[in-house]
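Below you'll find the structure, written out as structure tokens, and then a few comments.
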Amino acid sequence: MSYTLPHLPWLRSFEAAARNLSFSNAASELHLTPAAVSLQIRSLEQHLGFQLFERLPRGVRLTDMGRAYLPSVRKAFDELSLSTAGLFGSRGDRSVTIRSTASFALLWLAPRLNAFLEAYPEIEVRLFTAIWADALEAEQADIDIRFGDGRWEGFEVEQIRKEPSIPVCSPGWLARAHGPAALAELAQRHLIHIMGCEDLWTRWFRAAGTADYQAARGLQVDSSLIALELASAGSGFALVLRSFAEPHLAAGRLVTPFPGELGIDQAHYLLLPEGESRPRPEVLLFREWLLQTAKPG
């Protein structure tokens with residue numbers, strides 16, 4: 001069976017109602033009456049031959065078919081908005097506010113951000129940071145960039161990049177050690193731990209064959225940024241994401257004292273707030289640029 005495309009107003013009402021879980025709120029957003037939104041969604045359901053919403057005494061709830069259909073509808077609207085903004089620009093406030101962890105902003109995003117600024121010089125970028133993204137105050141941000149397991153309620157979540165961690169230290173530590181065993185012993189006594197990732201050194205030494213080793217507390221810091229600076233200054237051995245260490249390695253400020261990498265479960269994610277109006281074209285342009293830039297290779 002082939003389908004003709006549903007009318008665009010039907011799809012707009014469906015997307016707005018699904019996001020708000022309310023025909024009344026969708027109507028307010030679209031400058032329609034609730035009756036008009038209800039009629040358009042009923043027309044869409046009749047066109048498709050499936051019920052998309054369960055009508056409840058208070059509000060509505062998506063059916064299984066509605067939940068399955070929603071991502072495609074959102075993607076279609078986002079791609080149309082992206083294409084329109086990219087070709088013709090958009091009206092009103094052309095700005096993107098990004099909230100990010102400090103390490104990602106400085107070590108990964110900042111060296112690459114000029115490519116976006118050159119591609120879209122008319123878009124104003126506002127970038128602010130915090131060490132712990134979950135502890136930020138409630139200032140409105142268009143995009144959140146967080147590090148974790150990808151489970152945050154109230155957001156649309158997309159993985160930016162997942163990568164392993166590698167051990168690093170200043171070149172001076174290599175001169176002090178006479179062979180790999182002595183270097184490992186030095187490292188175990190001069191570790192730099194990043195809060196929230198304290199188990200990584202224990203996992204590293206176990207993977208290297210020192211199964212009975214339990215990482216000492218060592219020096220505690222709250223970001224990869226500080227860990228890298230301390231390691232570069234000769235204060236110890238750090239275990240950080242590979243992309244964060246690469247500029248320091250290329251500049252000769254750090255070296256990798258041990259071969260190999262340690263896979264980790266956490267990653268950096270891009271978060272868009274749910275339950276509000278769909279992102280502005282500028283936000284979608286930045287999201288698309290960021291995800292494309294972060295692709296491997």
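In the structure tokens, chains take the letters A, B, ... in the order shown, each chain's residues start at 1, and ligands count up from 1 in the order shown.
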
Item checked: Those of segment 12-253 of chain A in DSSP alpha helix (DSSP H), formatted as a VMD selection string -> chain A and resid 12 to 20 23 to 30 34 to 48 64 to 88 102 to 104 110 to 119 171 to 176 180 to 189 200 to 207 224 to 232 242 to 250

Item checked: Those in segment 33-139 of chain A with strand (DSSP E or B) from DSSP, as a VMD selection string -> chain A and resid 53 to 55 60 to 62 95 to 101 124 to 130

With a cut-off of 7 Å, could you pull out the residues of segment 209-290 of chain A touching segment 144-166 of chain A and give me the nearest pair of atoms for each, distance in Å to one decimal, using only C-alpha atoms, ordered by chain and ascending number, as CSV?
```
residue,atom,partner,partner_atom,distance
A:Leu239,CA,A:Ile166,CA,5.4
A:Val240,CA,A:Ser165,CA,4.9
A:Leu241,CA,A:Ser165,CA,4.1
A:Arg242,CA,A:Ser165,CA,5.3
A:Glu261,CA,A:Ile166,CA,5.0
A:Leu262,CA,A:Ser165,CA,5.2
A:Gly263,CA,A:Pro164,CA,4.5
A:Ile264,CA,A:Pro164,CA,5.9
A:Asp265,CA,A:Asp149,CA,7.0
A:Gln266,CA,A:Gly148,CA,4.8
A:Ala267,CA,A:Lys162,CA,4.7
A:His268,CA,A:Phe147,CA,4.4
A:Tyr269,CA,A:Gln159,CA,4.3
A:Leu270,CA,A:Ile145,CA,4.8
A:Leu271,CA,A:Val157,CA,4.7
A:Leu272,CA,A:Glu156,CA,5.1
A:Pro273,CA,A:Phe155,CA,4.5
A:Glu274,CA,A:Phe155,CA,4.9
```

Emit the selected residues as a tab-separated table (two decimals), in the first residue's frame, including N, CA and C atoms.
```tsv
chain	number	residue	atom	x	y	z
A	239	LEU	N	45.03	10.29	33.60
A	239	LEU	CA	44.34	9.40	32.66
A	239	LEU	C	43.17	10.19	32.11
A	240	VAL	N	43.28	10.62	30.83
A	240	VAL	CA	42.31	11.56	30.26
A	240	VAL	C	41.86	11.08	28.89
A	241	LEU	N	40.78	11.68	28.41
A	241	LEU	CA	40.29	11.33	27.07
A	241	LEU	C	41.35	11.64	26.03
A	242	ARG	N	41.43	10.78	25.04
A	242	ARG	CA	42.49	10.88	24.03
A	242	ARG	C	42.49	12.23	23.32
A	261	GLU	N	45.10	1.86	25.43
A	261	GLU	CA	44.02	2.77	25.78
A	261	GLU	C	43.05	2.04	26.70
A	262	LEU	N	42.24	2.81	27.41
A	262	LEU	CA	41.23	2.24	28.30
A	262	LEU	C	39.85	2.68	27.84
A	263	GLY	N	39.04	1.73	27.40
A	263	GLY	CA	37.68	2.05	27.02
A	263	GLY	C	36.84	2.42	28.23
A	264	ILE	N	35.96	3.41	28.07
A	264	ILE	CA	35.10	3.84	29.17
A	264	ILE	C	33.65	3.86	28.69
A	265	ASP	N	32.73	3.76	29.65
A	265	ASP	CA	31.31	3.70	29.30
A	265	ASP	C	30.71	5.07	29.05
A	266	GLN	N	31.26	6.11	29.65
A	266	GLN	CA	30.68	7.43	29.53
A	266	GLN	C	31.13	8.11	28.24
A	267	ALA	N	30.40	9.15	27.86
A	267	ALA	CA	30.70	9.88	26.63
A	267	ALA	C	30.16	11.30	26.76
A	268	HIS	N	30.48	12.13	25.79
A	268	HIS	CA	29.91	13.47	25.73
A	268	HIS	C	28.62	13.43	24.91
A	269	TYR	N	27.61	14.15	25.40
A	269	TYR	CA	26.29	14.15	24.78
A	269	TYR	C	25.81	15.58	24.57
A	270	LEU	N	25.00	15.73	23.54
A	270	LEU	CA	24.32	16.99	23.24
A	270	LEU	C	22.88	16.85	23.69
A	271	LEU	N	22.41	17.83	24.48
A	271	LEU	CA	21.06	17.77	25.04
A	271	LEU	C	20.25	18.96	24.57
A	272	LEU	N	19.03	18.69	24.10
A	272	LEU	CA	18.06	19.73	23.77
A	272	LEU	C	16.86	19.58	24.70
A	273	PRO	N	16.36	20.67	25.27
A	273	PRO	CA	15.23	20.57	26.20
A	273	PRO	C	13.99	20.02	25.50
A	274	GLU	N	13.27	19.15	26.19
A	274	GLU	CA	12.00	18.64	25.69
A	274	GLU	C	10.85	19.49	26.23
```

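Of the residues under consideration (A:Leu254, A:Ile143, A:Leu48, A:Ala35), A:Leu254 shows the shortest atom-to-atom contact distance to Leu174 of chain A when counting only C-alpha atoms.
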
Next item on the list: Using only C-alpha atoms, determine which residues lie at most 12 Å from Ala227 of chain A, disregarding the query and same-chain residues fewer than 2 positions distant; provide the list as JSON, numbers by chain.
Entry: {"A": [103, 167, 168, 169, 170, 191, 192, 193, 194, 195, 197, 218, 219, 220, 221, 222, 223, 224, 225, 229, 230, 231, 232, 233, 234, 235, 236, 237, 238, 239, 240, 241, 244, 245, 248, 254]}

Check: Which neighbours of His47 of chain A fall inside 12 Å, counting only C-alpha atoms, when residues of the same chain fewer than 2 positions from it are skipped, and could you give them as a list in words?
Finding: Ser2, Tyr3, Thr4, Leu5, Pro6, His7, Trp10, Leu11, Gln40, Ile41, Arg42, Ser43, Leu44, Glu45, Gly49, Phe50, Gln51 and Leu52 of chain A

Once you have the residues from the selection above, write them out as an mmCIF file, in the first residue's frame, restricted to C-alpha atoms.
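See selection.cif below for the written result:
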```
data_model
loop_
_atom_site.group_PDB
_atom_site.id
_atom_site.type_symbol
_atom_site.label_atom_id
_atom_site.label_comp_id
_atom_site.auth_asym_id
_atom_site.auth_seq_id
_atom_site.Cartn_x
_atom_site.Cartn_y
_atom_site.Cartn_z
ATOM 1 C CA SER A 2 1.331 3.447 -0.884
ATOM 2 C CA TYR A 3 0.520 6.629 1.033
ATOM 3 C CA THR A 4 0.179 10.135 -0.249
ATOM 4 C CA LEU A 5 1.939 12.582 2.049
ATOM 5 C CA PRO A 6 -0.243 13.944 4.852
ATOM 6 C CA HIS A 7 -1.037 17.640 4.825
ATOM 7 C CA TRP A 10 -1.836 17.938 10.230
ATOM 8 C CA LEU A 11 1.782 17.027 10.879
ATOM 9 C CA GLN A 40 -6.323 18.049 12.207
ATOM 10 C CA ILE A 41 -4.978 15.167 14.287
ATOM 11 C CA ARG A 42 -8.156 13.161 13.727
ATOM 12 C CA SER A 43 -7.774 13.788 9.990
ATOM 13 C CA LEU A 44 -4.151 12.594 10.143
ATOM 14 C CA GLU A 45 -5.186 9.440 12.011
ATOM 15 C CA GLY A 49 -5.387 4.368 9.356
ATOM 16 C CA PHE A 50 -3.910 4.311 12.865
ATOM 17 C CA GLN A 51 -4.670 6.036 16.149
ATOM 18 C CA LEU A 52 -1.755 8.231 17.248
#
```

Next item on the list: Within 12 Å of Ala175 of chain A, counting only C-alpha atoms, which residues show up once you throw out same-chain ones fewer than 6 positions away? Write them as a ChimeraX atom specification, please.
Entry: /A:169,182-183,186,234,255,257

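If you look at atom CA of Ser83 of chain A and atom CA of Tyr120 of chain A, they are 13.4 Å away from each other.
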
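If only C-alpha atoms are the atoms counted, then among A:Leu56, A:Leu285, A:Val73, A:Leu32 the closest residue to Phe14 of chain A is A:Val73.
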
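Residues in contact with Arg19 of chain A at up to 10 Å, not including ones fewer than 3 positions away on its chain and judged by only C-alpha atoms, are A:Ser13, A:Phe14, A:Glu15, A:Ala16, A:Ser22, A:Asn25, A:Ala26, A:Leu62, A:Leu70, A:Arg74, A:Glu274, A:Gly275, A:Glu276, A:Ser277, A:Arg278.
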
Next item on the list: Check the smallest atom-to-atom distance from each of A:Asp78, A:Phe53, A:Phe205, A:Glu122 to Met65 of chain A using only C-alpha atoms, then report the winner.
Entry: A:Phe53

Note to self: What does the structure give for the distance between atom CA of Leu109 of chain A and atom CA of Glu198 of chain A, in Å to one decimal?
What the structure shows: 24.7 Å

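Counting only C-alpha atoms and comparing A:Val60, A:Val283, A:Ala207, A:Ala251, the residue that lies closest to Val125 of chain A is A:Val283.
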
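Interatomic distance, atom CA of Pro121 of chain A to atom CA of Trp289 of chain A: 13.8 Å.
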